[in-house]
Amino acid sequence: MRVLINFVFLLAFAACKKDSGSSPSPDNPGGPGGAGSSPGTVTGKVTDSKGNALSGIKVTVEHTVWYASYVLAMTDNGGNYKVKLPAEPAGSWTAKAQLEKSAYGNQYKFDLAADSTDAFTRDQAAVRNFTWKLSGQRPGGGFYGAHVDIYQFGTDVDLSQVRLQFTPTESVLIDGTPAAAFERPVHDVAGTFMVTDVPIGKYTVKAIYPGKTLLLDNRHEDDVPAVSQPVVFGKYGYLGETEYNIEFYLSE
């Protein structure tokens, strides 16, 4: 098994070098994802939510059974990529893409949304396109957006009746799309009260509850409880690789 894994890894390294930013050629008319695709290849395009091409995005095509069996590709200036699958191991493969972005003093990593999560084999000419989404349901559960976690500290209000009001402090979100104010209810998610699927950007947040003024206090900052607090998403608690949150104490 070790020989096979090493063999596939070498193919992955070669594919990454060869396919990153590849251009049209007699064997590849139209460039990555173009009309020259043939069985045993995976092609596609990576864009943002407006359809703009994203270059320099790493696409990983991995075997559904064999551990550490994968090939890599990098998108070119047009957001296109093309990668050839190895002859072995036989079986099915899936594709995923991730984007890294530095913002708000943090480094973020995003899973990009695929137009299909179905597996494919080397007998096919597979096409998998990806889009950078800041919110929405993930195919395997959860959300592309971040979450705000709320913990009671000096109040006995019914957290299920609390709403959080978000006001952007910058005109755009992390992906450059316009930011907008919104209000969301707090929900109990596996024992933690939170607002889910928040597009990552810079906000101030207020807690709204009928007949009471509530205060928020960042659990990880030495600040003073206040009606309005800034939101900068990070990693607090046990989170997935591309999951981000912020935690507040709620009091009166």
# chains A, B, ... in the order shown; residues from 1 in each chain; ligands from 1
>>> residues_around(residues="stretch 185-192 of chain A", least_positions_apart="2", cutoff="10 Å", atoms="only C-alpha atoms", output="PyMOL selection string")
chain A and resi 148-151+159-165+183+194-196+207-208
>>> residues_around(residues="A:Asp217", least_positions_apart="4", cutoff="10 Å", atoms="only C-alpha atoms", output="ChimeraX atom specification")
/A:150-151,153,221-230,247-251
>>> write_last_selection(atoms="C-alpha atoms", output="short mmCIF file (atom, residue, chain, number, x, y, z; two decimals), in the first residue's frame")
data_model
loop_
_atom_site.label_atom_id
_atom_site.label_comp_id
_atom_site.auth_asym_id
_atom_site.auth_seq_id
_atom_site.Cartn_x
_atom_site.Cartn_y
_atom_site.Cartn_z
CA ILE A 150 -24.60 33.49 23.05
CA TYR A 151 -24.17 32.49 26.73
CA PHE A 153 -24.34 35.68 32.31
CA GLU A 221 -11.72 40.13 25.31
CA ASP A 222 -11.21 42.26 28.41
CA ASP A 223 -13.95 44.71 27.49
CA VAL A 224 -16.93 46.30 29.22
CA PRO A 225 -20.45 44.90 28.61
CA ALA A 226 -22.28 47.20 26.20
CA VAL A 227 -25.47 47.37 24.18
CA SER A 228 -23.45 47.23 20.95
CA GLN A 229 -20.26 45.24 20.35
CA PRO A 230 -17.95 44.77 17.33
CA GLU A 247 -18.80 34.22 21.50
CA PHE A 248 -20.66 36.73 23.68
CA TYR A 249 -21.92 36.74 27.23
CA LEU A 250 -25.45 38.15 27.48
CA SER A 251 -26.44 40.13 30.56
#
>>> closest_residue(among="A:Gly142, A:Arg219, A:Val205, A:Ile174", to="A:Gln107", atoms="only C-alpha atoms")
A:Ile174
>>> residues_around(residues="stretch 125-131 of chain A", least_positions_apart="5", cutoff="9 Å", atoms="only C-alpha atoms", output="list in words")
Gly33, Ser37, Ser38, Pro39, Gly40, Thr41, Val42, Thr43, Gly44, Lys45, Val46, Thr47, Asp48, Ser49, Gly51, Asn80, Ala95, Lys96, Ala97, Leu112, Ala113, Ala114, Asp115, Ser116, Thr117 and Phe120 of chain A
>>> write_last_selection(atoms="N, CA and C atoms", output="PDB file, in the first residue's frame")
ATOM      1  N   GLY A  33     -10.561  23.032 -18.826  1.00  0.00           N
ATOM      2  CA  GLY A  33     -12.015  23.018 -18.869  1.00  0.00           C
ATOM      3  C   GLY A  33     -12.585  23.240 -20.248  1.00  0.00           C
ATOM      4  N   SER A  37     -11.430  18.256 -23.342  1.00  0.00           N
ATOM      5  CA  SER A  37     -11.489  17.338 -22.211  1.00  0.00           C
ATOM      6  C   SER A  37     -11.790  15.929 -22.699  1.00  0.00           C
ATOM      7  N   SER A  38     -11.152  14.950 -22.048  1.00  0.00           N
ATOM      8  CA  SER A  38     -11.309  13.561 -22.442  1.00  0.00           C
ATOM      9  C   SER A  38     -11.455  12.708 -21.200  1.00  0.00           C
ATOM     10  N   PRO A  39     -11.888  11.460 -21.352  1.00  0.00           N
ATOM     11  CA  PRO A  39     -12.012  10.583 -20.183  1.00  0.00           C
ATOM     12  C   PRO A  39     -10.703  10.543 -19.394  1.00  0.00           C
ATOM     13  N   GLY A  40     -10.854  10.528 -18.069  1.00  0.00           N
ATOM     14  CA  GLY A  40      -9.690  10.540 -17.203  1.00  0.00           C
ATOM     15  C   GLY A  40      -9.238  11.921 -16.802  1.00  0.00           C
ATOM     16  N   THR A  41      -9.969  12.954 -17.239  1.00  0.00           N
ATOM     17  CA  THR A  41      -9.638  14.316 -16.860  1.00  0.00           C
ATOM     18  C   THR A  41     -10.761  14.916 -16.015  1.00  0.00           C
ATOM     19  N   VAL A  42     -10.372  15.883 -15.203  1.00  0.00           N
ATOM     20  CA  VAL A  42     -11.336  16.662 -14.421  1.00  0.00           C
ATOM     21  C   VAL A  42     -11.079  18.124 -14.748  1.00  0.00           C
ATOM     22  N   THR A  43     -12.085  18.829 -15.171  1.00  0.00           N
ATOM     23  CA  THR A  43     -11.953  20.233 -15.528  1.00  0.00           C
ATOM     24  C   THR A  43     -13.036  21.044 -14.839  1.00  0.00           C
ATOM     25  N   GLY A  44     -12.869  22.361 -14.855  1.00  0.00           N
ATOM     26  CA  GLY A  44     -13.886  23.221 -14.277  1.00  0.00           C
ATOM     27  C   GLY A  44     -13.416  24.645 -14.146  1.00  0.00           C
ATOM     28  N   LYS A  45     -14.253  25.450 -13.549  1.00  0.00           N
ATOM     29  CA  LYS A  45     -13.971  26.868 -13.340  1.00  0.00           C
ATOM     30  C   LYS A  45     -14.353  27.253 -11.925  1.00  0.00           C
ATOM     31  N   VAL A  46     -13.591  28.165 -11.336  1.00  0.00           N
ATOM     32  CA  VAL A  46     -13.837  28.644  -9.977  1.00  0.00           C
ATOM     33  C   VAL A  46     -14.134  30.136 -10.046  1.00  0.00           C
ATOM     34  N   THR A  47     -15.272  30.543  -9.468  1.00  0.00           N
ATOM     35  CA  THR A  47     -15.684  31.941  -9.519  1.00  0.00           C
ATOM     36  C   THR A  47     -16.173  32.405  -8.151  1.00  0.00           C
ATOM     37  N   ASP A  48     -16.291  33.725  -8.018  1.00  0.00           N
ATOM     38  CA  ASP A  48     -16.930  34.273  -6.822  1.00  0.00           C
ATOM     39  C   ASP A  48     -18.434  34.323  -7.047  1.00  0.00           C
ATOM     40  N   SER A  49     -19.157  34.901  -6.094  1.00  0.00           N
ATOM     41  CA  SER A  49     -20.622  34.900  -6.172  1.00  0.00           C
ATOM     42  C   SER A  49     -21.155  35.751  -7.315  1.00  0.00           C
ATOM     43  N   GLY A  51     -19.679  35.678 -10.306  1.00  0.00           N
ATOM     44  CA  GLY A  51     -19.251  35.044 -11.544  1.00  0.00           C
ATOM     45  C   GLY A  51     -17.874  35.442 -12.001  1.00  0.00           C
ATOM     46  N   ASN A  80      -9.858  28.788 -14.539  1.00  0.00           N
ATOM     47  CA  ASN A  80     -10.016  27.428 -15.053  1.00  0.00           C
ATOM     48  C   ASN A  80      -8.928  26.496 -14.524  1.00  0.00           C
ATOM     49  N   ALA A  95     -14.094  15.841  -6.014  1.00  0.00           N
ATOM     50  CA  ALA A  95     -13.290  17.063  -6.120  1.00  0.00           C
ATOM     51  C   ALA A  95     -13.743  18.090  -5.091  1.00  0.00           C
ATOM     52  N   LYS A  96     -12.785  18.838  -4.566  1.00  0.00           N
ATOM     53  CA  LYS A  96     -13.099  19.939  -3.655  1.00  0.00           C
ATOM     54  C   LYS A  96     -12.132  21.084  -3.927  1.00  0.00           C
ATOM     55  N   ALA A  97     -12.511  22.270  -3.518  1.00  0.00           N
ATOM     56  CA  ALA A  97     -11.665  23.450  -3.694  1.00  0.00           C
ATOM     57  C   ALA A  97     -11.775  24.333  -2.458  1.00  0.00           C
ATOM     58  N   LEU A 112     -15.214  25.950  -0.990  1.00  0.00           N
ATOM     59  CA  LEU A 112     -15.999  26.486  -2.090  1.00  0.00           C
ATOM     60  C   LEU A 112     -17.120  25.513  -2.458  1.00  0.00           C
ATOM     61  N   ALA A 113     -18.215  26.061  -2.918  1.00  0.00           N
ATOM     62  CA  ALA A 113     -19.396  25.258  -3.226  1.00  0.00           C
ATOM     63  C   ALA A 113     -19.269  24.650  -4.613  1.00  0.00           C
ATOM     64  N   ALA A 114     -19.375  23.313  -4.696  1.00  0.00           N
ATOM     65  CA  ALA A 114     -19.300  22.613  -5.975  1.00  0.00           C
ATOM     66  C   ALA A 114     -20.671  22.542  -6.623  1.00  0.00           C
ATOM     67  N   ASP A 115     -20.698  22.571  -7.958  1.00  0.00           N
ATOM     68  CA  ASP A 115     -21.982  22.438  -8.648  1.00  0.00           C
ATOM     69  C   ASP A 115     -22.497  21.006  -8.612  1.00  0.00           C
ATOM     70  N   SER A 116     -21.623  20.057  -8.225  1.00  0.00           N
ATOM     71  CA  SER A 116     -22.036  18.674  -8.010  1.00  0.00           C
ATOM     72  C   SER A 116     -21.073  18.025  -7.030  1.00  0.00           C
ATOM     73  N   THR A 117     -21.612  17.256  -6.103  1.00  0.00           N
ATOM     74  CA  THR A 117     -20.766  16.526  -5.158  1.00  0.00           C
ATOM     75  C   THR A 117     -20.736  15.030  -5.489  1.00  0.00           C
ATOM     76  N   PHE A 120     -17.068  10.387  -9.360  1.00  0.00           N
ATOM     77  CA  PHE A 120     -16.864  10.073 -10.770  1.00  0.00           C
ATOM     78  C   PHE A 120     -15.699   9.097 -10.892  1.00  0.00           C
TER      79      PHE A 120
END
>>> select_by_dssp(residues="stretch 6-171 of chain A", states="helix (DSSP H, G or I)", output="list in words")
Asn6, Phe7, Val8, Phe9, Leu10, Leu11, Ala12, Phe13, Ala14, Ala15, Cys16, Lys17, Lys18, Asp19, Leu159, Ser160 and Gln161 of chain A
>>> closest_residue(among="A:Leu72, A:Leu85, A:Tyr209, A:Asp197", to="A:His147", atoms="only C-alpha atoms")
A:Asp197
>>> closest_residue(among="A:Val157, A:Tyr70, A:Lys109, A:Gly141", to="A:Gly211", atoms="only C-alpha atoms")
A:Val157
>>> select_by_dssp(residues="stretch 142-217 of chain A", states="strand (DSSP E or B)", output="ChimeraX atom specification")
/A:143,146-152,163-168,172,178,182-185,187-189,192-198,203-209,212-213,215-217
>>> residues_around(residues="stretch 233-238 of chain A", least_positions_apart="5", cutoff="10 Å", atoms="only C-alpha atoms", output="PyMOL selection string")
chain A and resi 104-108+146-149+198-203+219-220+243-247
>>> atom_distance(atom1="atom CA of A:Thr121", atom2="atom CA of A:Gly79")
23.5 Å
